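What follows is the content of entry_4.csv (CSV, C-alpha atoms).
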```
chain,number,residue,atom,x,y,z
A,1,MET,CA,23.3,-11.1,-8.1
A,2,LYS,CA,22.0,-10.4,-4.6
A,3,ALA,CA,18.5,-11.0,-3.4
A,4,VAL,CA,16.6,-11.1,-0.2
A,5,ARG,CA,14.4,-14.2,0.4
A,6,ILE,CA,12.1,-15.1,3.3
A,7,ILE,CA,12.7,-18.8,3.7
A,8,LYS,CA,10.0,-19.1,6.3
A,9,PRO,CA,8.5,-16.8,8.9
A,10,GLU,CA,11.3,-15.1,10.9
A,11,HIS,CA,14.0,-16.4,8.6
A,12,LEU,CA,15.4,-13.9,6.2
A,13,GLU,CA,18.5,-14.5,4.1
A,14,VAL,CA,20.6,-12.5,1.6
A,15,ILE,CA,21.3,-14.9,-1.2
A,16,ASP,CA,23.1,-15.1,-4.5
A,17,ILE,CA,20.9,-16.0,-7.5
A,18,PRO,CA,21.5,-15.9,-11.3
A,19,LYS,CA,20.7,-12.6,-13.1
A,20,PRO,CA,17.5,-13.0,-15.2
A,21,THR,CA,17.8,-13.3,-19.0
A,22,LEU,CA,15.5,-11.7,-21.6
A,23,ARG,CA,13.5,-14.5,-23.3
A,24,ASP,CA,10.3,-12.8,-24.3
A,25,PRO,CA,10.1,-10.0,-26.9
A,26,ASP,CA,7.5,-8.2,-24.8
A,27,HIS,CA,9.5,-8.2,-21.6
A,28,VAL,CA,12.2,-5.9,-20.1
A,29,ILE,CA,14.9,-6.3,-17.5
A,30,ILE,CA,14.9,-3.7,-14.7
A,31,LYS,CA,18.0,-2.8,-12.7
A,32,MET,CA,16.5,-2.2,-9.3
A,33,THR,CA,17.3,1.1,-7.6
A,34,ALA,CA,14.8,1.2,-4.7
A,35,ALA,CA,12.3,-1.1,-3.1
A,36,GLY,CA,10.0,-0.1,-0.2
A,37,ILE,CA,9.2,-2.1,2.9
A,38,CYS,CA,5.5,-2.2,3.4
A,39,GLY,CA,3.4,-3.5,6.3
A,40,SER,CA,2.5,-6.5,4.2
A,41,ASP,CA,6.2,-7.3,3.7
A,42,VAL,CA,6.6,-7.2,7.5
A,43,GLY,CA,3.6,-9.5,7.7
A,44,ILE,CA,5.3,-12.0,5.4
A,45,TYR,CA,8.5,-11.8,7.4
A,46,HIS,CA,6.6,-12.5,10.6
A,47,GLY,CA,4.3,-15.1,9.1
A,48,THR,CA,1.1,-13.1,9.6
A,49,ASN,CA,0.3,-12.4,6.0
A,50,ALA,CA,-2.3,-15.1,5.0
A,51,ALA,CA,-1.7,-14.5,1.3
A,52,ALA,CA,2.0,-15.2,1.2
A,53,THR,CA,3.8,-18.4,0.0
A,54,TYR,CA,7.3,-19.4,1.0
A,55,PRO,CA,10.1,-19.3,0.2
A,56,ARG,CA,9.7,-15.9,-1.4
A,57,ILE,CA,11.8,-13.0,-2.7
A,58,ILE,CA,9.6,-10.3,-1.3
A,59,GLY,CA,9.1,-6.6,-2.3
A,60,HIS,CA,6.2,-5.2,-4.3
A,61,GLU,CA,7.1,-1.5,-4.2
A,62,MET,CA,9.6,-1.7,-7.1
A,63,VAL,CA,11.5,1.1,-8.8
A,64,GLY,CA,14.4,0.8,-11.2
A,65,ILE,CA,16.1,1.6,-14.5
A,66,VAL,CA,15.3,-0.3,-17.7
A,67,SER,CA,18.5,-2.1,-18.7
A,68,GLU,CA,17.3,-4.4,-21.5
A,69,ILE,CA,14.2,-4.4,-23.7
A,70,GLY,CA,12.6,-7.1,-25.9
A,71,ALA,CA,12.2,-6.7,-29.6
A,72,ASN,CA,8.5,-5.7,-29.4
A,73,VAL,CA,8.8,-3.2,-26.6
A,74,THR,CA,7.8,0.4,-27.5
A,75,ASN,CA,6.4,2.0,-24.3
A,76,VAL,CA,9.8,2.2,-22.5
A,77,LYS,CA,13.4,2.5,-23.6
A,78,ILE,CA,16.8,1.7,-22.0
A,79,ASN,CA,17.7,4.0,-19.1
A,80,ASP,CA,14.1,5.0,-18.4
A,81,HIS,CA,13.3,5.1,-14.7
A,82,VAL,CA,10.1,3.1,-14.0
A,83,ILE,CA,7.9,1.7,-11.3
A,84,VAL,CA,6.6,-1.9,-11.8
A,85,ASN,CA,3.0,-3.0,-11.3
A,86,GLN,CA,2.9,-5.7,-8.6
A,87,VAL,CA,-0.4,-7.2,-9.8
A,88,THR,CA,-0.7,-10.0,-12.4
A,89,ASN,CA,-4.0,-11.6,-13.4
A,90,CYS,CA,-5.5,-14.0,-15.9
A,91,GLY,CA,-7.8,-11.6,-17.7
A,92,HIS,CA,-10.7,-14.2,-18.2
A,93,CYS,CA,-12.1,-15.2,-14.8
A,94,TYR,CA,-15.3,-13.7,-13.4
A,95,ALA,CA,-13.5,-10.9,-11.5
A,96,CYS,CA,-11.4,-10.0,-14.5
A,97,ARG,CA,-14.4,-10.0,-16.8
A,98,LYS,CA,-16.0,-7.6,-14.3
A,99,GLY,CA,-13.0,-5.2,-14.5
A,100,ARG,CA,-11.6,-6.2,-11.1
A,101,GLY,CA,-8.4,-7.9,-12.0
A,102,ASN,CA,-6.9,-7.0,-8.6
A,103,VAL,CA,-9.0,-9.8,-7.1
A,104,CYS,CA,-8.6,-12.2,-10.0
A,105,ASP,CA,-9.3,-15.9,-9.3
A,106,ASN,CA,-5.8,-16.6,-10.4
A,107,LEU,CA,-4.2,-13.5,-8.8
A,108,ALA,CA,-0.4,-13.6,-8.4
A,109,VAL,CA,1.2,-10.6,-6.7
A,110,ARG,CA,4.9,-9.9,-7.1
A,111,GLY,CA,6.6,-10.3,-3.8
A,112,VAL,CA,3.8,-12.3,-2.3
A,113,HIS,CA,2.8,-15.3,-4.6
A,114,ILE,CA,5.7,-14.9,-7.1
A,115,ASP,CA,9.1,-13.3,-6.6
A,116,GLY,CA,9.3,-9.6,-6.2
A,117,GLY,CA,11.7,-6.7,-6.1
A,118,TYR,CA,14.2,-7.4,-3.4
A,119,GLN,CA,16.7,-8.5,-6.1
A,120,GLU,CA,19.2,-6.6,-8.2
A,121,TYR,CA,17.5,-7.3,-11.5
A,122,ILE,CA,14.0,-8.4,-12.4
A,123,CYS,CA,12.4,-9.4,-15.7
A,124,VAL,CA,8.8,-8.3,-16.2
A,125,PRO,CA,6.4,-7.5,-19.1
A,126,ALA,CA,7.0,-4.0,-20.4
A,127,ALA,CA,3.2,-3.4,-20.1
A,128,ASP,CA,3.7,-3.5,-16.3
A,129,CYS,CA,6.2,-0.6,-16.3
A,130,PHE,CA,5.2,3.0,-15.8
A,131,LEU,CA,7.5,6.0,-16.4
A,132,LEU,CA,8.4,8.0,-13.3
A,133,PRO,CA,7.7,11.7,-13.1
A,134,ASP,CA,10.9,13.7,-13.3
A,135,SER,CA,10.0,15.4,-10.0
A,136,LEU,CA,10.6,12.3,-7.9
A,137,LEU,CA,13.8,10.6,-6.7
A,138,ASP,CA,13.7,6.9,-7.1
A,139,LYS,CA,13.6,6.3,-3.4
A,140,ASP,CA,10.5,8.6,-3.0
A,141,ALA,CA,8.9,7.0,-6.1
A,142,VAL,CA,8.3,3.8,-4.3
A,143,MET,CA,5.5,5.7,-2.6
A,144,ILE,CA,3.6,5.6,-5.9
A,145,GLU,CA,2.5,2.0,-5.2
A,146,PRO,CA,1.0,2.9,-1.7
A,147,ALA,CA,-0.7,5.9,-3.4
A,148,THR,CA,-2.4,3.4,-5.8
A,149,ILE,CA,-3.6,1.4,-2.8
A,150,ALA,CA,-5.0,4.6,-1.3
A,151,ILE,CA,-6.7,5.6,-4.5
A,152,GLN,CA,-8.2,2.1,-4.6
A,153,SER,CA,-9.6,2.4,-1.1
A,154,CYS,CA,-11.1,5.8,-1.8
A,155,SER,CA,-12.6,4.4,-5.1
A,156,ARG,CA,-14.2,1.5,-3.2
A,157,ALA,CA,-15.5,4.0,-0.7
A,158,GLU,CA,-17.0,6.2,-3.5
A,159,LEU,CA,-15.9,9.3,-1.6
A,160,GLU,CA,-17.7,12.5,-2.5
A,161,LYS,CA,-17.2,16.1,-1.6
A,162,ASP,CA,-19.8,16.2,1.2
A,163,ASP,CA,-18.7,12.9,2.9
A,164,MET,CA,-17.5,12.9,6.4
A,165,LEU,CA,-14.6,10.5,6.3
A,166,LEU,CA,-13.3,8.7,9.4
A,167,LEU,CA,-9.8,7.4,8.7
A,168,TYR,CA,-8.6,5.0,11.5
A,169,GLY,CA,-4.8,4.7,11.4
A,170,ALA,CA,-2.2,7.4,10.7
A,171,GLY,CA,0.7,5.3,9.8
A,172,ALA,CA,2.2,4.8,6.3
A,173,LEU,CA,-1.1,3.5,4.8
A,174,GLY,CA,-3.3,6.0,6.6
A,175,SER,CA,-1.0,8.9,5.5
A,176,SER,CA,-1.2,7.8,1.9
A,177,ILE,CA,-5.0,7.6,2.1
A,178,LEU,CA,-5.2,11.0,3.6
A,179,ARG,CA,-3.2,12.5,0.8
A,180,VAL,CA,-5.7,11.1,-1.7
A,181,ALA,CA,-8.9,11.7,0.3
A,182,LYS,CA,-8.3,15.4,0.9
A,183,GLN,CA,-8.6,15.8,-2.9
A,184,LEU,CA,-12.1,14.2,-2.8
A,185,CYS,CA,-13.9,15.3,0.4
A,186,ASP,CA,-14.0,18.2,2.7
A,187,THR,CA,-14.2,16.6,6.2
A,188,ILE,CA,-11.6,14.0,7.3
A,189,ILE,CA,-11.3,12.8,10.8
A,190,VAL,CA,-8.1,10.8,11.6
A,191,ALA,CA,-7.9,8.6,14.6
A,192,ASP,CA,-4.8,6.9,16.0
A,193,VAL,CA,-3.0,6.0,19.2
A,194,ALA,CA,0.1,8.2,18.7
A,195,ASP,CA,0.1,11.9,19.1
A,196,GLU,CA,3.0,12.5,16.8
A,197,LYS,CA,1.2,10.7,14.0
A,198,LEU,CA,-1.9,12.7,14.6
A,199,GLU,CA,0.1,15.9,14.6
A,200,ALA,CA,1.5,14.9,11.2
A,201,ALA,CA,-2.1,14.2,10.0
A,202,GLU,CA,-3.2,17.7,11.0
A,203,MET,CA,-0.3,19.2,9.1
A,204,ALA,CA,-1.2,17.0,6.0
A,205,GLY,CA,-4.8,18.3,6.0
A,206,ALA,CA,-6.9,16.3,8.5
A,207,THR,CA,-9.9,18.4,9.6
A,208,HIS,CA,-10.0,16.7,13.1
A,209,THR,CA,-7.9,14.2,15.0
A,210,ILE,CA,-8.7,11.8,17.8
A,211,ASN,CA,-6.3,9.9,20.1
A,212,VAL,CA,-8.4,6.8,20.9
A,213,LEU,CA,-6.3,6.1,24.0
A,214,LYS,CA,-6.9,9.5,25.5
A,215,GLU,CA,-10.3,10.7,24.2
A,216,ASP,CA,-13.9,9.5,24.0
A,217,PHE,CA,-13.8,8.0,20.5
A,218,ILE,CA,-17.5,7.8,19.8
A,219,GLY,CA,-18.2,11.0,21.6
A,220,LYS,CA,-15.7,12.9,19.4
A,221,ILE,CA,-17.0,11.3,16.3
A,222,LYS,CA,-20.5,12.5,17.2
A,223,GLU,CA,-19.2,15.9,17.9
A,224,TYR,CA,-17.3,16.2,14.6
A,225,THR,CA,-20.2,14.8,12.5
A,226,ASN,CA,-23.1,16.8,14.0
A,227,GLY,CA,-24.3,13.8,15.9
A,228,ARG,CA,-24.8,11.4,13.0
A,229,GLY,CA,-21.6,9.5,12.7
A,230,ALA,CA,-19.2,9.2,9.8
A,231,THR,CA,-20.6,8.7,6.3
A,232,VAL,CA,-17.5,6.7,5.3
A,233,SER,CA,-14.9,4.9,7.5
A,234,ILE,CA,-11.7,3.4,6.2
A,235,ASP,CA,-9.7,1.0,8.4
A,236,ALA,CA,-6.0,1.8,7.9
A,237,ALA,CA,-5.0,0.4,11.3
A,238,CYS,CA,-6.3,-3.2,10.7
A,239,VAL,CA,-6.1,-4.3,14.3
A,240,LYS,CA,-8.3,-6.6,16.2
A,241,ASP,CA,-10.9,-4.1,17.5
A,242,SER,CA,-10.8,-1.6,14.6
A,243,LEU,CA,-13.6,-3.0,12.5
A,244,MET,CA,-16.1,-3.0,15.4
A,245,MET,CA,-15.0,0.5,16.3
A,246,LEU,CA,-15.8,1.7,12.8
A,247,LEU,CA,-19.2,-0.1,12.7
A,248,GLU,CA,-20.1,1.9,15.8
A,249,ALA,CA,-18.7,5.2,14.5
A,250,THR,CA,-20.3,5.0,11.1
A,251,GLY,CA,-23.8,6.5,10.6
A,252,ASN,CA,-26.8,5.3,8.8
A,253,ALA,CA,-26.3,4.3,5.1
A,254,GLY,CA,-22.6,4.6,5.5
A,255,ARG,CA,-19.7,2.6,4.0
A,256,VAL,CA,-17.0,0.8,5.9
A,257,ILE,CA,-13.8,-0.1,4.0
A,258,THR,CA,-11.6,-2.9,5.4
A,259,MET,CA,-8.0,-3.4,4.3
A,260,GLY,CA,-6.6,-5.9,6.8
A,261,PHE,CA,-5.2,-9.3,6.0
A,262,SER,CA,-5.3,-10.9,9.5
A,263,THR,CA,-7.1,-14.3,9.8
A,264,ALA,CA,-7.6,-13.8,13.5
A,265,ALA,CA,-11.2,-13.8,14.7
A,266,THR,CA,-12.7,-10.3,15.2
A,267,GLU,CA,-15.9,-9.3,16.9
A,268,VAL,CA,-18.7,-8.1,14.6
A,269,ASN,CA,-22.2,-6.9,15.7
A,270,GLN,CA,-24.8,-7.7,13.1
A,271,PHE,CA,-27.3,-5.2,14.6
A,272,LEU,CA,-25.0,-2.3,13.8
A,273,ILE,CA,-24.7,-3.4,10.2
A,274,THR,CA,-28.4,-4.2,9.6
A,275,SER,CA,-30.0,-1.4,11.6
A,276,LYS,CA,-27.9,1.2,9.9
A,277,GLU,CA,-27.9,-0.7,6.5
A,278,LEU,CA,-24.1,-0.3,6.4
A,279,GLN,CA,-22.1,-1.4,3.4
A,280,ILE,CA,-18.9,-3.3,4.4
A,281,ARG,CA,-16.5,-3.4,1.5
A,282,GLY,CA,-13.0,-4.9,1.2
A,283,SER,CA,-10.3,-3.0,-0.7
A,284,ARG,CA,-7.3,-5.0,-1.9
A,285,LEU,CA,-4.2,-3.9,-3.8
A,286,GLN,CA,-5.1,-1.6,-6.8
A,287,ASN,CA,-6.9,-2.0,-10.0
A,288,ARG,CA,-4.8,-0.5,-12.9
A,289,LEU,CA,-4.2,2.8,-11.0
A,290,PHE,CA,-0.5,3.5,-11.5
A,291,GLY,CA,-1.4,5.9,-14.4
A,292,LYS,CA,-3.9,7.7,-12.2
A,293,ALA,CA,-1.4,8.1,-9.4
A,294,ILE,CA,1.3,9.4,-11.7
A,295,GLU,CA,-1.2,11.8,-13.3
A,296,MET,CA,-2.1,13.2,-9.8
A,297,ILE,CA,1.7,13.7,-9.1
A,298,LYS,CA,2.2,15.6,-12.4
A,299,GLU,CA,-0.9,17.8,-11.6
A,300,LYS,CA,0.5,18.5,-8.1
A,301,GLN,CA,-2.4,16.9,-6.4
A,302,LEU,CA,-0.1,14.4,-4.8
A,303,ASP,CA,3.3,15.3,-3.3
A,304,LEU,CA,5.4,12.2,-2.5
A,305,ASN,CA,8.7,14.0,-2.1
A,306,ASN,CA,10.5,13.5,1.3
A,307,SER,CA,8.2,10.6,2.2
A,308,VAL,CA,11.1,8.3,3.1
A,309,SER,CA,12.5,8.5,6.6
A,310,HIS,CA,15.2,5.8,6.4
A,311,THR,CA,17.1,3.8,3.8
A,312,PHE,CA,19.1,0.6,4.1
A,313,PRO,CA,21.2,-1.2,1.5
A,314,LEU,CA,19.5,-4.4,0.2
A,315,THR,CA,22.3,-6.4,1.9
A,316,GLU,CA,21.3,-5.0,5.3
A,317,ALA,CA,17.6,-6.0,4.9
A,318,GLN,CA,17.7,-7.9,8.3
A,319,ALA,CA,18.7,-4.7,10.1
A,320,ALA,CA,15.9,-2.8,8.3
A,321,PHE,CA,13.3,-5.3,9.5
A,322,ASP,CA,14.7,-5.3,13.0
A,323,PHE,CA,14.5,-1.5,13.0
A,324,ILE,CA,10.9,-1.6,12.0
A,325,ASP,CA,10.2,-4.1,14.8
A,326,SER,CA,11.7,-1.6,17.3
A,327,ARG,CA,8.7,0.7,16.6
A,328,ASP,CA,11.0,3.7,16.7
A,329,PRO,CA,8.7,6.8,16.4
A,330,SER,CA,11.0,8.3,13.8
A,331,ILE,CA,10.0,5.7,11.2
A,332,ARG,CA,7.7,6.8,8.4
A,333,LYS,CA,8.9,4.8,5.4
A,334,ILE,CA,11.9,2.6,5.0
A,335,VAL,CA,13.4,1.9,1.6
A,336,LEU,CA,16.0,-0.6,0.5
A,337,THR,CA,18.6,0.7,-1.9
A,338,PHE,CA,20.8,-1.1,-4.3
A,339,ASP,CA,24.0,1.0,-4.2
A,340,PHE,CA,26.1,-1.5,-2.2
```

Translate the structure described by the file into structure tokens.
Amino acid sequence: MKAVRIIKPEHLEVIDIPKPTLRDPDHVIIKMTAAGICGSDVGIYHGTNAAATYPRIIGHEMVGIVSEIGANVTNVKINDHVIVNQVTNCGHCYACRKGRGNVCDNLAVRGVHIDGGYQEYICVPAADCFLLPDSLLDKDAVMIEPATIAIQSCSRAELEKDDMLLLYGAGALGSSILRVAKQLCDTIIVADVADEKLEAAEMAGATHTINVLKEDFIGKIKEYTNGRGATVSIDAACVKDSLMMLLEATGNAGRVITMGFSTAATEVNQFLITSKELQIRGSRLQNRLFGKAIEMIKEKQLDLNNSVSHTFPLTEAQAAFDFIDSRDPSIRKIVLTFDF
């Protein structure tokens, strides 16, 4: 069967590997139908994702059809359409005992530390499979995984109705967070460098938008928050200056959520943190939130239809990554398909 493996940074290959066999009664084999390309996948390809190990079959946004089931499996059946949880954990370390398995001491993420979904078939525990809502095509259903990441960040932020949220970044990650956040709080300010992304954010429910290249960022934050600054800021841009910008833009007693994976040094001003008594919190992956995301879809709180802008066959993965690197403004979400 075909698979896409990153041998080392900037070196992608389409390879032939054996189809997996079913050896555990609690496992299933999934015939992949769609796999999303995430910013972290692009980071693995370029060698900027500090968590990745090589060589690696990447892909953590994994949707497919159950093709074989083990003798003990009862939660799914053959021909069910499912999405696969990307997080595996040990269940007994300090983080797991605290109910935070997404930062397990022995964390292994499919597509990052262990092989992921850019392969025609994958064998996984049935417990990691979640039935897709009938309302979603498989290619759109890959967006359930980014939705869980968004739910996690909003959970870490402890968003409440009267919060004034600053969401920095209106790309794929920021758009997912906006969808979730508008269910939780009334005021959402979205900042970005691209007018077309800000226009899309307004259409998706942002209260205010700021183009940080054209407008006075801090001045606009003060204007939109009655002079006090945001109560919560989420960094969905994860660029060199974004954390410092959010420290400046967040008001007293606020929370700042970081989501970036860069190991490059970034400037931090301790006075801003201490004087405002800010809480700086990381948000990584998701913590058993697939069920929550699917519930929100069924209750029409989340609409993931028509989220995908482009599809490429798995065998043309190199062209897909090259297209992402072109930064074409038409790109929203790219999905690899398996109909080749």

Listing only residues of segment 113-176 of chain A within 7 Å of segment 289-300 of chain A, what is the closest atom pair and its distance in Å (to one decimal) for each, using only C-alpha atoms, sorted by chain and residue number ascending, as CSV?
```
residue,atom,partner,partner_atom,distance
A:Pro133,CA,A:Lys298,CA,6.8
A:Ile144,CA,A:Ala293,CA,6.6
A:Ala147,CA,A:Ala293,CA,6.4
A:Thr148,CA,A:Leu289,CA,5.5
```

Writer output for current selection, C-alpha atoms, as a CSV table (one decimal), in the frame of the given file:
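Listing of part_39.csv after writing:
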```csv
chain,number,residue,atom,x,y,z
A,133,PRO,CA,7.7,11.7,-13.1
A,144,ILE,CA,3.6,5.6,-5.9
A,147,ALA,CA,-0.7,5.9,-3.4
A,148,THR,CA,-2.4,3.4,-5.8
```

Contacts of segment 78-82 of chain A at 6 Å or less, counting only C-alpha atoms, minus same-chain residues fewer than 2 places along, as a list in words?
Val63, Gly64, Ile65, Val66, Ser67, Cys129, Phe130, Leu131 and Leu132 of chain A

Using 8 Å of padding on each side, determine the axis-aligned box around all atoms of segment 165-181 of chain A present in the file and give its centre and edge lengths in Å to one decimal, as lines of an AutoDock Vina configuration file.
```
center_x = -6.2
center_y = 8.0
center_z = 4.9
size_x = 32.8
size_y = 25.0
size_z = 29.2
```

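Taking all atoms listed in the file into account, Phe261 of chain A lies nearest to A:Ala237 out of the set A:Ala201, A:Leu247, A:Ala237, A:Cys154.
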
What are the closest atom pairs, with distances in Å to one decimal, for all residues of segment 90-147 of chain A lying within 10 Å of segment 19-32 of chain A? Consider all atoms listed in the file, order rows by chain and residue number, and present the result as a tab-separated table.
```
residue	atom	partner	partner_atom	distance
A:Gly117	CA	A:Met32	CA	7.3
A:Tyr118	CA	A:Met32	CA	8.2
A:Gln119	CA	A:Met32	CA	7.1
A:Glu120	CA	A:Met32	CA	5.3
A:Tyr121	CA	A:Lys31	CA	4.7
A:Ile122	CA	A:Ile30	CA	5.3
A:Cys123	CA	A:Ile29	CA	4.4
A:Val124	CA	A:His27	CA	5.4
A:Pro125	CA	A:His27	CA	4.0
A:Ala126	CA	A:His27	CA	5.0
A:Ala127	CA	A:Asp26	CA	8.0
A:Asp128	CA	A:His27	CA	9.2
A:Cys129	CA	A:Val28	CA	8.9
A:Asp138	CA	A:Met32	CA	9.8
```

Of the candidates A:Asn211, A:Thr225, A:Thr187, A:Asn49, which shows the shortest atom-to-atom distance to Leu159 of chain A, using all atoms listed in the file?
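Of all the options, A:Thr187 lies closest to Leu159 of chain A.
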
Interatomic distance between atom CA of Asn102 of chain A and atom CA of Met164 of chain A?
27.1 Å

Proximity to Val84 of chain A - best of A:Asp105, A:Glu145, A:Asp115, A:Asp186, only C-alpha atoms
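Selected residue with least distance to Val84 of chain A: A:Glu145.
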
Atom CA of Tyr224 of chain A to atom CA of Ala150 of chain A, distance in Å rounded to a single decimal
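Spanning atom CA of Tyr224 of chain A to atom CA of Ala150 of chain A is a straight-line distance of 23.2 Å.
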
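Shortest atom-to-atom contact with Gly174 of chain A among A:Gly39, A:Gly101, A:Pro18, A:Pro329: A:Gly39, counting only C-alpha atoms.
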
Quick one: distance from atom CA of His92 of chain A to atom CA of Asn75 of chain A in Å, one decimal?
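Calculated distance between atom CA of His92 of chain A and atom CA of Asn75 of chain A is 24.3 Å.
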